[in-house]
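**Student:** What follows is upload.cif; its format and atoms are mmCIF, C-alpha atoms.
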```cif
data_my_file
loop_
_atom_site.label_atom_id
_atom_site.label_comp_id
_atom_site.auth_asym_id
_atom_site.auth_seq_id
_atom_site.Cartn_x
_atom_site.Cartn_y
_atom_site.Cartn_z
CA MET A 30 -14.32 -3.75 -23.54
CA MET A 31 -14.85 -7.49 -23.74
CA PRO A 32 -17.09 -8.73 -20.92
CA ILE A 33 -17.77 -12.08 -22.58
CA LEU A 34 -15.37 -14.45 -24.32
CA GLN A 35 -17.38 -16.54 -26.77
CA ILE A 36 -15.78 -19.88 -27.61
CA GLY A 37 -18.22 -21.71 -29.86
CA PRO A 38 -21.44 -22.14 -27.89
CA VAL A 39 -19.75 -21.37 -24.57
CA ALA A 40 -19.85 -17.80 -23.22
CA LEU A 41 -17.16 -17.21 -20.59
CA PRO A 42 -16.97 -14.12 -18.36
CA PHE A 43 -13.65 -12.71 -19.62
CA PRO A 44 -13.01 -10.33 -16.66
CA SER A 45 -13.33 -13.21 -14.16
CA LEU A 46 -11.00 -15.33 -16.31
CA LEU A 47 -8.41 -12.54 -16.22
CA VAL A 48 -8.59 -12.45 -12.42
CA LEU A 49 -8.11 -16.24 -12.25
CA LEU A 50 -5.23 -15.97 -14.71
CA GLY A 51 -3.72 -13.24 -12.52
CA ILE A 52 -3.85 -15.51 -9.45
CA TRP A 53 -2.19 -18.36 -11.36
CA LEU A 54 0.53 -16.23 -12.99
CA GLY A 55 1.15 -14.34 -9.76
CA LEU A 56 1.60 -17.55 -7.80
CA THR A 57 3.89 -18.96 -10.51
CA LEU A 58 6.08 -15.84 -10.48
CA ALA A 59 6.21 -15.79 -6.68
CA GLU A 60 7.16 -19.49 -6.57
CA ARG A 61 9.92 -18.98 -9.14
CA HIS A 62 11.64 -16.43 -6.89
CA ILE A 63 10.74 -17.99 -3.55
CA SER A 64 14.29 -19.01 -2.63
CA ARG A 65 15.22 -15.36 -2.03
CA PHE A 66 12.64 -15.06 0.76
CA HIS A 67 13.55 -18.03 3.02
CA LEU A 68 10.37 -19.98 2.21
CA SER A 69 9.70 -23.03 0.05
CA ALA A 70 7.36 -23.15 -2.95
CA ASP A 71 5.18 -25.68 -1.11
CA GLN A 72 4.84 -23.39 1.90
CA LEU A 73 3.80 -20.48 -0.32
CA PHE A 74 1.35 -22.63 -2.29
CA ASN A 75 -0.29 -23.94 0.89
CA LEU A 76 -0.55 -20.44 2.30
CA VAL A 77 -2.26 -19.07 -0.82
CA LEU A 78 -4.50 -22.13 -1.15
CA ILE A 79 -5.70 -21.85 2.45
CA GLY A 80 -6.33 -18.13 1.97
CA LEU A 81 -8.31 -18.70 -1.24
CA ILE A 82 -10.42 -21.63 0.00
CA SER A 83 -11.26 -20.08 3.35
CA GLY A 84 -11.96 -16.78 1.58
CA LEU A 85 -14.46 -18.47 -0.75
CA VAL A 86 -16.15 -20.34 2.11
CA GLY A 87 -16.25 -17.18 4.23
CA ALA A 88 -17.68 -15.13 1.37
CA ARG A 89 -20.53 -17.61 0.84
CA LEU A 90 -21.20 -18.18 4.57
CA ALA A 91 -21.40 -14.43 5.12
CA TYR A 92 -24.17 -14.30 2.52
CA VAL A 93 -26.05 -17.25 4.03
CA ILE A 94 -25.85 -15.79 7.53
CA ARG A 95 -26.96 -12.37 6.29
CA TYR A 96 -29.92 -13.63 4.24
CA PRO A 97 -31.03 -16.91 5.84
CA GLN A 98 -34.64 -16.59 4.64
CA ALA A 99 -33.56 -16.33 1.01
CA PHE A 100 -31.87 -19.74 1.33
CA ALA A 101 -34.62 -21.30 3.47
CA GLY A 102 -36.69 -22.38 0.46
CA SER A 103 -33.71 -23.54 -1.59
CA LEU A 104 -31.00 -24.95 0.67
CA LEU A 105 -28.99 -26.30 -2.28
CA ASP A 106 -28.35 -22.70 -3.33
CA ILE A 107 -25.78 -22.59 -0.51
CA PHE A 108 -23.58 -24.60 -2.89
CA SER A 109 -24.59 -22.64 -6.01
CA ARG A 110 -21.78 -21.62 -8.38
CA ASP A 111 -23.51 -18.24 -8.72
CA LEU A 112 -20.80 -15.59 -8.20
CA GLY A 113 -23.46 -13.12 -7.04
CA LEU A 114 -23.90 -15.10 -3.82
CA PHE A 115 -20.48 -14.18 -2.43
CA ASP A 116 -19.61 -11.29 -0.12
CA PRO A 117 -16.19 -10.24 -1.48
CA PHE A 118 -15.25 -7.98 1.43
CA ILE A 119 -15.95 -10.57 4.14
CA GLY A 120 -14.33 -13.20 1.91
CA ALA A 121 -11.13 -11.12 1.68
CA VAL A 122 -11.06 -10.56 5.45
CA VAL A 123 -11.61 -14.27 6.22
CA GLY A 124 -9.02 -15.31 3.59
CA VAL A 125 -6.33 -12.97 4.92
CA LEU A 126 -7.04 -13.90 8.56
CA SER A 127 -6.96 -17.64 7.80
CA ALA A 128 -3.68 -17.31 5.90
CA ALA A 129 -2.23 -15.25 8.77
CA ILE A 130 -3.28 -17.84 11.36
CA TYR A 131 -1.80 -20.63 9.21
CA ALA A 132 1.45 -18.70 8.74
CA GLN A 133 1.74 -18.08 12.46
CA HIS A 134 0.94 -21.71 13.29
CA LYS A 135 3.68 -22.87 10.87
CA ARG A 136 6.04 -20.20 12.25
CA PHE A 137 6.67 -18.53 8.90
CA PRO A 138 8.79 -15.37 9.26
CA LEU A 139 6.20 -12.60 8.87
CA LEU A 140 8.19 -10.03 6.90
CA SER A 141 9.79 -12.55 4.54
CA THR A 142 6.39 -14.14 3.91
CA LEU A 143 4.94 -10.77 2.94
CA ASP A 144 7.93 -10.20 0.66
CA ALA A 145 7.44 -13.64 -0.92
CA LEU A 146 3.80 -12.79 -1.68
CA THR A 147 4.65 -9.42 -3.25
CA PRO A 148 5.37 -10.52 -6.87
CA GLY A 149 2.06 -12.39 -6.85
CA LEU A 150 0.19 -9.37 -5.49
CA ALA A 151 1.75 -7.12 -8.15
CA VAL A 152 0.69 -9.49 -10.96
CA PHE A 153 -2.77 -9.81 -9.43
CA ALA A 154 -3.14 -5.99 -9.32
CA LEU A 155 -2.32 -5.85 -13.04
CA ALA A 156 -4.80 -8.65 -13.81
CA LEU A 157 -7.48 -6.81 -11.82
CA ALA A 158 -6.85 -3.62 -13.80
CA LEU A 159 -7.13 -5.57 -17.06
CA SER A 160 -10.37 -7.14 -15.85
CA HIS A 161 -11.74 -3.63 -15.27
CA LEU A 162 -10.71 -2.76 -18.83
CA ALA A 163 -12.56 -5.83 -20.10
CA SER A 164 -15.73 -5.29 -18.08
CA GLY A 165 -15.98 -1.49 -18.26
CA ASN A 166 -16.13 -1.35 -14.45
CA ALA A 167 -14.10 1.21 -12.47
CA PHE A 168 -14.93 3.72 -15.20
CA GLY A 169 -13.69 7.31 -15.33
CA ALA A 170 -15.34 10.64 -14.59
CA PRO A 171 -16.74 12.62 -17.55
CA ALA A 172 -13.90 14.55 -19.23
CA ASN A 173 -13.43 16.10 -22.64
CA LEU A 174 -9.71 15.49 -23.14
CA PRO A 175 -7.92 14.43 -26.33
CA TRP A 176 -7.39 10.97 -24.81
CA SER A 177 -10.90 10.62 -23.35
CA LEU A 178 -12.89 7.54 -24.35
CA GLU A 179 -16.61 7.26 -25.09
CA LEU A 180 -17.99 4.92 -22.44
CA TRP A 181 -21.46 4.54 -20.93
CA GLY A 182 -22.96 7.47 -22.76
CA VAL A 183 -20.28 10.17 -22.39
CA ARG A 184 -16.58 10.85 -22.99
CA ARG A 185 -14.64 9.87 -19.88
CA HIS A 186 -11.18 9.60 -18.40
CA PRO A 187 -9.83 6.19 -19.51
CA SER A 188 -9.42 5.29 -15.83
CA GLN A 189 -9.01 1.57 -16.55
CA ILE A 190 -6.05 2.38 -18.83
CA TYR A 191 -4.53 4.64 -16.14
CA GLU A 192 -4.94 1.78 -13.66
CA THR A 193 -3.40 -0.76 -16.05
CA LEU A 194 -0.41 1.49 -16.78
CA ALA A 195 0.18 2.21 -13.08
CA SER A 196 -0.01 -1.51 -12.19
CA ALA A 197 2.33 -2.42 -15.06
CA LEU A 198 4.84 0.23 -13.97
CA ILE A 199 4.72 -0.97 -10.36
CA LEU A 200 5.18 -4.59 -11.49
CA GLY A 201 8.08 -3.56 -13.73
CA TYR A 202 9.77 -1.59 -10.93
CA LEU A 203 9.28 -4.41 -8.42
CA TRP A 204 10.06 -7.27 -10.83
CA PRO A 205 11.57 -9.95 -8.57
CA GLY A 206 14.50 -10.53 -10.92
CA ARG A 207 15.84 -7.01 -10.27
CA LYS A 208 18.73 -6.40 -7.89
CA LEU A 209 16.57 -3.93 -5.94
CA VAL A 210 14.97 -6.85 -4.08
CA ASP A 211 18.28 -8.05 -2.60
CA LYS A 212 19.17 -4.59 -1.34
CA LEU A 213 16.01 -4.27 0.77
CA LYS A 214 15.60 -5.24 4.40
CA PRO A 215 12.99 -7.93 5.23
CA GLY A 216 9.53 -6.46 4.67
CA GLY A 217 10.93 -3.68 2.51
CA TYR A 218 9.85 -5.32 -0.74
CA PHE A 219 6.23 -5.63 0.43
CA LEU A 220 6.39 -2.11 1.83
CA HIS A 221 7.52 -0.75 -1.55
CA PHE A 222 4.56 -2.46 -3.22
CA THR A 223 2.03 -1.21 -0.66
CA THR A 224 3.42 2.34 -0.75
CA LEU A 225 3.36 2.56 -4.55
CA THR A 226 -0.05 0.89 -4.87
CA SER A 227 -1.69 3.12 -2.26
CA ALA A 228 -0.10 6.22 -3.86
CA ALA A 229 -1.38 5.15 -7.29
CA ARG A 230 -4.87 4.59 -5.91
CA LEU A 231 -4.79 7.94 -4.12
CA VAL A 232 -3.99 9.72 -7.38
CA LEU A 233 -6.06 7.68 -9.85
CA GLU A 234 -9.23 7.47 -7.76
CA GLY A 235 -9.58 11.20 -8.38
CA PHE A 236 -10.31 10.46 -12.05
CA ARG A 237 -12.97 7.82 -11.37
CA GLY A 238 -16.65 8.27 -12.13
CA ASP A 239 -17.92 5.55 -9.80
CA SER A 240 -16.29 6.40 -6.47
CA ALA A 241 -18.17 5.67 -3.27
CA PRO A 242 -18.74 9.10 -1.71
CA LEU A 243 -18.18 10.29 1.84
CA PRO A 244 -19.81 13.43 3.31
CA GLY A 245 -18.55 16.55 1.53
CA GLY A 246 -18.01 14.68 -1.72
CA LEU A 247 -14.76 13.07 -0.57
CA ARG A 248 -13.99 9.74 -2.20
CA ALA A 249 -13.90 6.85 0.32
CA ALA A 250 -11.21 4.87 -1.53
CA GLN A 251 -8.94 7.93 -1.71
CA VAL A 252 -9.21 8.53 2.05
CA VAL A 253 -8.42 4.86 2.78
CA ALA A 254 -5.50 4.96 0.30
CA TRP A 255 -4.15 8.13 1.98
CA ILE A 256 -4.27 6.46 5.42
CA ILE A 257 -2.46 3.35 4.09
CA PHE A 258 0.07 5.59 2.32
CA ALA A 259 0.71 7.48 5.58
CA ILE A 260 1.20 4.19 7.50
CA CYS A 261 3.61 3.01 4.78
CA LEU A 262 5.68 6.19 4.98
CA TYR A 263 5.84 5.83 8.76
CA ALA A 264 6.95 2.20 8.32
CA VAL A 265 9.58 3.26 5.76
CA ASN A 266 11.09 5.58 8.38
CA ARG A 267 11.00 2.82 11.00
CA ILE A 268 12.48 0.14 8.75
CA LYS A 269 15.28 2.43 7.54
CA SER A 270 16.32 3.18 11.10
CA GLN A 271 16.45 -0.48 12.18
CA PRO A 272 19.23 -3.04 11.72
CA LYS A 273 18.63 -5.84 9.15
CA LEU A 274 16.71 -8.43 11.19
CA ASP A 275 13.77 -10.73 10.49
CA MET B 195 19.85 18.78 6.78
CA ASP B 196 20.72 15.08 7.33
CA ALA B 197 19.19 12.28 5.26
CA ARG B 198 16.71 11.25 7.94
CA LEU B 199 15.30 14.74 8.34
CA GLY B 200 15.19 15.16 4.56
CA ARG B 201 13.22 11.94 4.23
CA LYS B 202 10.72 12.98 6.91
CA PHE B 203 10.30 16.37 5.24
CA THR B 204 9.65 14.69 1.85
CA HIS B 205 7.09 12.36 3.41
CA ILE B 206 5.23 15.26 5.02
CA ILE B 207 5.15 17.10 1.69
CA LEU B 208 3.83 13.94 -0.04
CA LEU B 209 1.09 13.50 2.57
CA LEU B 210 0.07 17.15 2.32
CA ALA B 211 -0.01 16.90 -1.49
CA GLY B 212 -2.16 13.76 -1.16
CA ALA B 213 -4.59 15.50 1.20
CA LEU B 214 -4.85 18.48 -1.17
CA TRP B 215 -5.52 16.14 -4.12
CA ILE B 216 -8.31 14.43 -2.12
CA TRP B 217 -9.88 17.84 -1.55
CA PHE B 218 -9.51 19.10 -5.14
CA SER B 219 -10.71 15.86 -6.74
CA ARG B 220 -13.79 15.43 -4.57
CA ILE B 221 -17.00 14.40 -6.30
CA THR B 222 -18.80 17.26 -8.04
CA PRO B 223 -22.43 17.29 -9.24
CA GLN B 224 -21.10 16.83 -12.79
CA ASP B 225 -19.34 13.60 -11.75
CA ALA B 226 -22.55 12.33 -10.17
CA LEU B 227 -24.53 12.55 -13.42
CA ALA B 228 -24.56 8.79 -13.98
CA GLY B 229 -28.17 8.57 -12.79
CA ASN B 230 -29.29 10.85 -15.62
CA ILE B 231 -27.45 9.03 -18.39
CA ILE B 232 -29.03 6.10 -20.19
CA ALA B 233 -26.78 3.04 -20.30
CA PRO B 234 -27.24 -0.68 -19.61
CA ARG B 235 -25.14 -0.86 -16.46
CA PRO B 236 -25.57 -0.35 -12.71
CA GLY B 237 -26.06 3.23 -11.57
CA PHE B 238 -27.47 4.39 -14.93
CA GLN B 239 -31.02 4.84 -16.27
CA ALA B 240 -32.32 1.70 -17.96
CA PRO B 241 -32.96 2.27 -21.70
CA ASP B 242 -36.69 2.50 -22.39
CA PHE B 243 -38.42 0.13 -24.80
CA ASP B 244 -41.89 -0.81 -25.94
CA LEU B 245 -42.54 -4.43 -27.04
CA PRO B 246 -45.51 -6.69 -27.81
CA THR B 247 -46.37 -9.50 -25.39
CA SER B 248 -47.46 -13.05 -26.17
CA GLN B 249 -51.03 -11.91 -25.30
CA GLY B 250 -50.94 -9.23 -28.00
CA ALA B 251 -50.62 -6.27 -25.64
CA GLN B 252 -47.79 -3.68 -25.67
CA ILE B 253 -45.65 -3.00 -22.61
CA ALA B 254 -43.32 -0.03 -22.24
CA LEU B 255 -40.66 -0.10 -19.53
CA SER B 256 -41.37 3.57 -18.79
CA SER B 257 -45.00 2.69 -17.92
CA LEU B 258 -43.68 0.65 -14.98
CA ARG B 259 -41.84 3.60 -13.38
CA GLY B 260 -42.45 3.42 -9.63
CA GLN B 261 -42.28 -0.37 -9.62
CA PRO B 262 -39.16 -2.51 -9.30
CA VAL B 263 -38.63 -4.46 -12.52
CA ILE B 264 -36.52 -7.47 -13.49
CA ILE B 265 -35.70 -7.54 -17.22
CA ASN B 266 -34.58 -11.00 -18.28
CA LEU B 267 -33.27 -11.42 -21.83
CA TRP B 268 -33.63 -15.03 -22.85
CA ALA B 269 -34.19 -17.58 -25.62
CA SER B 270 -35.99 -20.93 -25.53
CA TRP B 271 -32.98 -22.86 -26.90
CA CYS B 272 -30.60 -21.50 -24.25
CA PRO B 273 -30.14 -24.09 -21.41
CA PRO B 274 -29.32 -21.66 -18.56
CA CYS B 275 -32.27 -19.45 -19.60
CA ARG B 276 -34.60 -22.45 -19.37
CA GLU B 277 -33.08 -23.54 -16.09
CA GLU B 278 -33.59 -20.22 -14.29
CA MET B 279 -37.20 -19.63 -15.43
CA PRO B 280 -38.82 -21.68 -12.60
CA ALA B 281 -36.87 -19.61 -10.04
CA LEU B 282 -38.04 -16.39 -11.74
CA GLN B 283 -41.64 -17.66 -11.58
CA LYS B 284 -41.33 -18.51 -7.86
CA VAL B 285 -39.96 -15.06 -7.12
CA TYR B 286 -42.71 -13.46 -9.22
CA ASP B 287 -45.34 -15.42 -7.26
CA SER B 288 -43.82 -14.26 -3.96
CA TYR B 289 -43.31 -10.58 -4.75
CA HIS B 290 -45.70 -9.54 -7.55
CA GLU B 291 -48.29 -8.36 -5.04
CA GLN B 292 -45.65 -6.07 -3.52
CA GLY B 293 -45.17 -4.41 -6.89
CA LEU B 294 -42.44 -6.50 -8.55
CA GLU B 295 -42.74 -6.86 -12.31
CA ILE B 296 -40.75 -9.30 -14.43
CA LEU B 297 -40.35 -8.69 -18.16
CA ALA B 298 -38.99 -11.77 -19.93
CA VAL B 299 -37.72 -10.29 -23.20
CA ASN B 300 -37.32 -13.09 -25.72
CA ALA B 301 -34.42 -12.54 -28.15
CA THR B 302 -36.79 -13.44 -30.96
CA SER B 303 -34.37 -12.63 -33.78
CA GLN B 304 -32.39 -15.69 -32.67
CA ASP B 305 -35.34 -17.76 -31.44
CA ASP B 306 -38.70 -19.07 -32.61
CA VAL B 307 -41.89 -17.38 -31.34
CA GLN B 308 -43.82 -20.65 -31.25
CA ALA B 309 -41.06 -22.43 -29.31
CA ALA B 310 -40.92 -19.56 -26.82
CA ILE B 311 -44.70 -19.60 -26.29
CA GLU B 312 -44.75 -23.40 -25.91
CA PHE B 313 -41.93 -23.24 -23.38
CA SER B 314 -43.62 -20.54 -21.29
CA THR B 315 -46.96 -22.40 -21.41
CA ARG B 316 -45.36 -25.67 -20.36
CA LEU B 317 -43.75 -24.00 -17.34
CA GLY B 318 -46.89 -22.02 -16.51
CA LEU B 319 -45.07 -18.68 -16.60
CA THR B 320 -47.44 -15.89 -15.59
CA PHE B 321 -45.18 -12.87 -16.05
CA PRO B 322 -45.21 -11.08 -19.42
CA ILE B 323 -43.18 -12.63 -22.25
CA LEU B 324 -42.11 -9.90 -24.68
CA PHE B 325 -40.82 -10.44 -28.21
CA ASP B 326 -37.79 -8.52 -29.42
CA ARG B 327 -38.21 -9.41 -33.11
CA ASP B 328 -35.79 -6.84 -34.58
CA SER B 329 -33.10 -7.07 -31.83
CA ARG B 330 -33.73 -3.43 -30.91
CA VAL B 331 -33.79 -4.16 -27.16
CA SER B 332 -30.81 -6.53 -27.43
CA ARG B 333 -28.87 -3.70 -29.05
CA LEU B 334 -30.09 -1.09 -26.53
CA PHE B 335 -28.96 -3.31 -23.68
CA GLN B 336 -25.72 -4.25 -25.50
CA LEU B 337 -26.60 -7.93 -25.05
CA GLN B 338 -23.43 -10.06 -25.05
CA SER B 339 -24.69 -13.33 -23.68
CA LEU B 340 -27.94 -15.14 -22.90
CA PRO B 341 -29.40 -14.96 -20.37
CA THR B 342 -28.69 -11.46 -19.07
CA THR B 343 -30.79 -10.01 -16.27
CA TYR B 344 -31.20 -6.37 -15.23
CA PHE B 345 -32.56 -5.38 -11.83
CA VAL B 346 -34.21 -1.98 -12.18
CA GLY B 347 -35.29 0.10 -9.18
CA ARG B 348 -38.49 2.12 -8.75
CA ASP B 349 -36.58 5.19 -10.02
CA GLY B 350 -35.67 3.49 -13.29
CA LEU B 351 -32.02 3.11 -12.28
CA ILE B 352 -30.33 -0.21 -12.97
CA GLN B 353 -29.15 -1.61 -9.65
CA GLU B 354 -27.45 -4.75 -10.88
CA VAL B 355 -26.73 -6.72 -14.02
CA VAL B 356 -26.24 -10.49 -13.98
CA VAL B 357 -24.65 -11.82 -17.16
CA GLY B 358 -25.12 -15.56 -17.66
CA GLY B 359 -27.00 -18.04 -15.58
CA PRO B 360 -28.79 -19.88 -14.25
CA MET B 361 -29.35 -17.52 -11.34
CA ALA B 362 -29.95 -19.18 -7.99
CA GLU B 363 -33.38 -18.57 -6.46
CA ALA B 364 -31.67 -17.26 -3.31
CA LEU B 365 -29.82 -14.63 -5.36
CA LEU B 366 -33.08 -13.54 -7.00
CA ARG B 367 -34.84 -13.21 -3.64
CA ILE B 368 -32.00 -11.17 -2.14
CA ARG B 369 -31.86 -8.81 -5.14
CA VAL B 370 -35.65 -8.41 -5.23
CA GLU B 371 -35.80 -7.60 -1.52
CA ARG B 372 -33.18 -4.93 -2.13
CA LEU B 373 -35.24 -3.55 -5.02
CA LEU B 374 -38.35 -3.50 -2.87
CA GLY B 375 -36.47 -1.92 0.02
CA VAL B 376 -37.41 -4.80 2.31
CA PRO B 377 -34.99 -4.87 5.26
CA SER B 378 -32.88 -8.01 5.34
CA PRO B 379 -33.98 -10.52 7.96
#
```
Do you think you could lay out the structure here as structure tokens?

**Tutor:**
Amino acid sequence: MMPILQIGPVALPFPSLLVLLGIWLGLTLAERHISRFHLSADQLFNLVLIGLISGLVGARLAYVIRYPQAFAGSLLDIFSRDLGLFDPFIGAVVGVLSAAIYAQHKRFPLLSTLDALTPGLAVFALALALSHLASGNAFGAPANLPWSLELWGVRRHPSQIYETLASALILGYLWPGRKLVDKLKPGGYFLHFTTLTSAARLVLEGFRGDSAPLPGGLRAAQVVAWIIFAICLYAVNRIKSQPKLD
Amino acid sequence: MDARLGRKFTHIILLLAGALWIWFSRITPQDALAGNIIAPRPGFQAPDFDLPTSQGAQIALSSLRGQPVIINLWASWCPPCREEMPALQKVYDSYHEQGLEILAVNATSQDDVQAAIEFSTRLGLTFPILFDRDSRVSRLFQLQSLPTTYFVGRDGLIQEVVVGGPMAEALLRIRVERLLGVPSP
């Protein structure tokens, strides 16, 4: 665990830095292989930039709209660099929607665009897992196994290590330099990533100690992952029975 | 069996296996023990401590059970700590009557008591300033960076940890209203 990176007098939040690094490396990798997906590097960069900026604005606006009285006495806090004043879920929704609207406006081919984003998403997933390892978030359920780790008062499943290994394996399997990518129909590359990631989440969430519960003790993230996994399998059947078109 | 049927059959088996795993790995009471374990992170019991104040009194965190508490670890030489103190005071003025307590725990082993007292007097801070002379509380809370702020609920559970600063006043108000259980406007 390394929540803070101390460089001289400056204390930097290491997990957040890893996420930023993941975005940068992911975008770089995606741009390097962009020619295979019928898009240009500029188009991809603009798409990601619009998604990120609108996501940030949406995440902050959601907070301001939800808690107007908290900002009433300190209007400048609307522009605060405080990360706690962002709504990540709304930010993600606004970011994805804005990028989708931009892509449609510019007439980007949908399936190829999703494929082009896939290497970046796979790198980002790995960076997110490493950020969990650094922060101690997404910790495991109590377990007394030979490979359990002492964390937050008890021995636990090393869920962050499971997550990192799974993300690394998915990235390795879907590495854009592999011939696998050329053999897939448009959208197939993204579908592979989504299928594997949802399956990994479905399995690994069962070892977590911080899952959001549903009635009956079911884990919310597992149920969502199962639904996405089912949609992916349905799409795999559809895509395999269609001719190669985009 | 042709390939298409074989694929569909495999997918159904995978989905059934997934559904079974969801059922078998559901949350048990043992998994939900976080609230009984003491650790300096959200969802866990805040470590208890007992420290002297600048007025010479002693304050124990456990004596404040039933009240929402903000624990702010700070030092007088740390710029973001100094910058967020006025916001903490404003929030204290607004919510102290509703039960909010703020404990400003000075990391005295890396600060100067006199400088801390002068700073708090100059700003007119009215919440208790506590002195962690032997770093016991810093160690209990696994302090990595100054300032670090813990939002503790009436049940003694840590609801949120903010590492670094300065915290915006709006963020403090939102977190305090959550601690107090005040519905959002």

**Student:** Please evaluate the PyMOL selection byres ((chain A) within 7 of (chain B)) against the structure above and give the resulting residues as a list in words.

**Tutor:**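 On the file shown, the PyMOL selection byres ((chain A) within 7 of (chain B)) covers Ile33, Ala40, Tyr96, Gln98, Ala99, Phe100, Ser103, Asp106, Ser109, Asp111, Gly113, Leu114, Ala170, Pro171, Trp181, Gly182, Gly235, Gly238, Gly246, Leu247, Arg248, Gln251, Trp255, Ala259 and Leu262 of chain A.
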
**Student:** What would the selection look like, as an NGL selection string, if the PyMOL selection byres ((chain A and resi 188) around 7) were run on the coordinates I just shared?

**Tutor:** :A and (168-169 or 186-187 or 189-192 or 236-237)

**Student:** Quick check on the file I pasted: which residues fall under the PyMOL selection byres ((chain A and resi 73) around 12)? Write them as a PyMOL selection string.

**Tutor:** chain A and resi 55-64+66-72+74-80+128+131-132+135+137-138+141-147+149

**Student:** Calculate how many Å separate CA of Leu105 (chain A) from CA of Gly124 (chain A), rounding to one decimal.

**Tutor:**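 Between CA of Leu105 (chain A) and CA of Gly124 (chain A) the gap works out to 23.5 Å.
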
**Student:** Please list as a list in words every residue within 12 Å of Arg267 (chain A), counting only C-alpha atoms and excluding residues in the same chain fewer than 2 positions away.

**Tutor:**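 After dropping sequence-adjacent residues, the list is Lys214, Gly216, Gly217, Leu220, Ile260, Cys261, Leu262, Tyr263, Ala264, Val265, Lys269, Ser270, Gln271, Pro272 and Lys273 of chain A; Arg198, Arg201 and Lys202 of chain B.
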
**Student:** Which one is closest to Ile268 (chain A): A:Phe118, A:Ala241, A:Gly165, A:Pro215? Count all atoms listed in the file.

**Tutor:**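 Checking each candidate against Ile268 (chain A), we get A:Pro215 as the closest.
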
**Student:** Record the distance separating CA of Pro117 (chain A) and CA of Ile82 (chain A), expressed in Å with one decimal.

**Tutor:**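 Atom-to-atom, CA of Pro117 (chain A) to CA of Ile82 (chain A), that is 12.9 Å.
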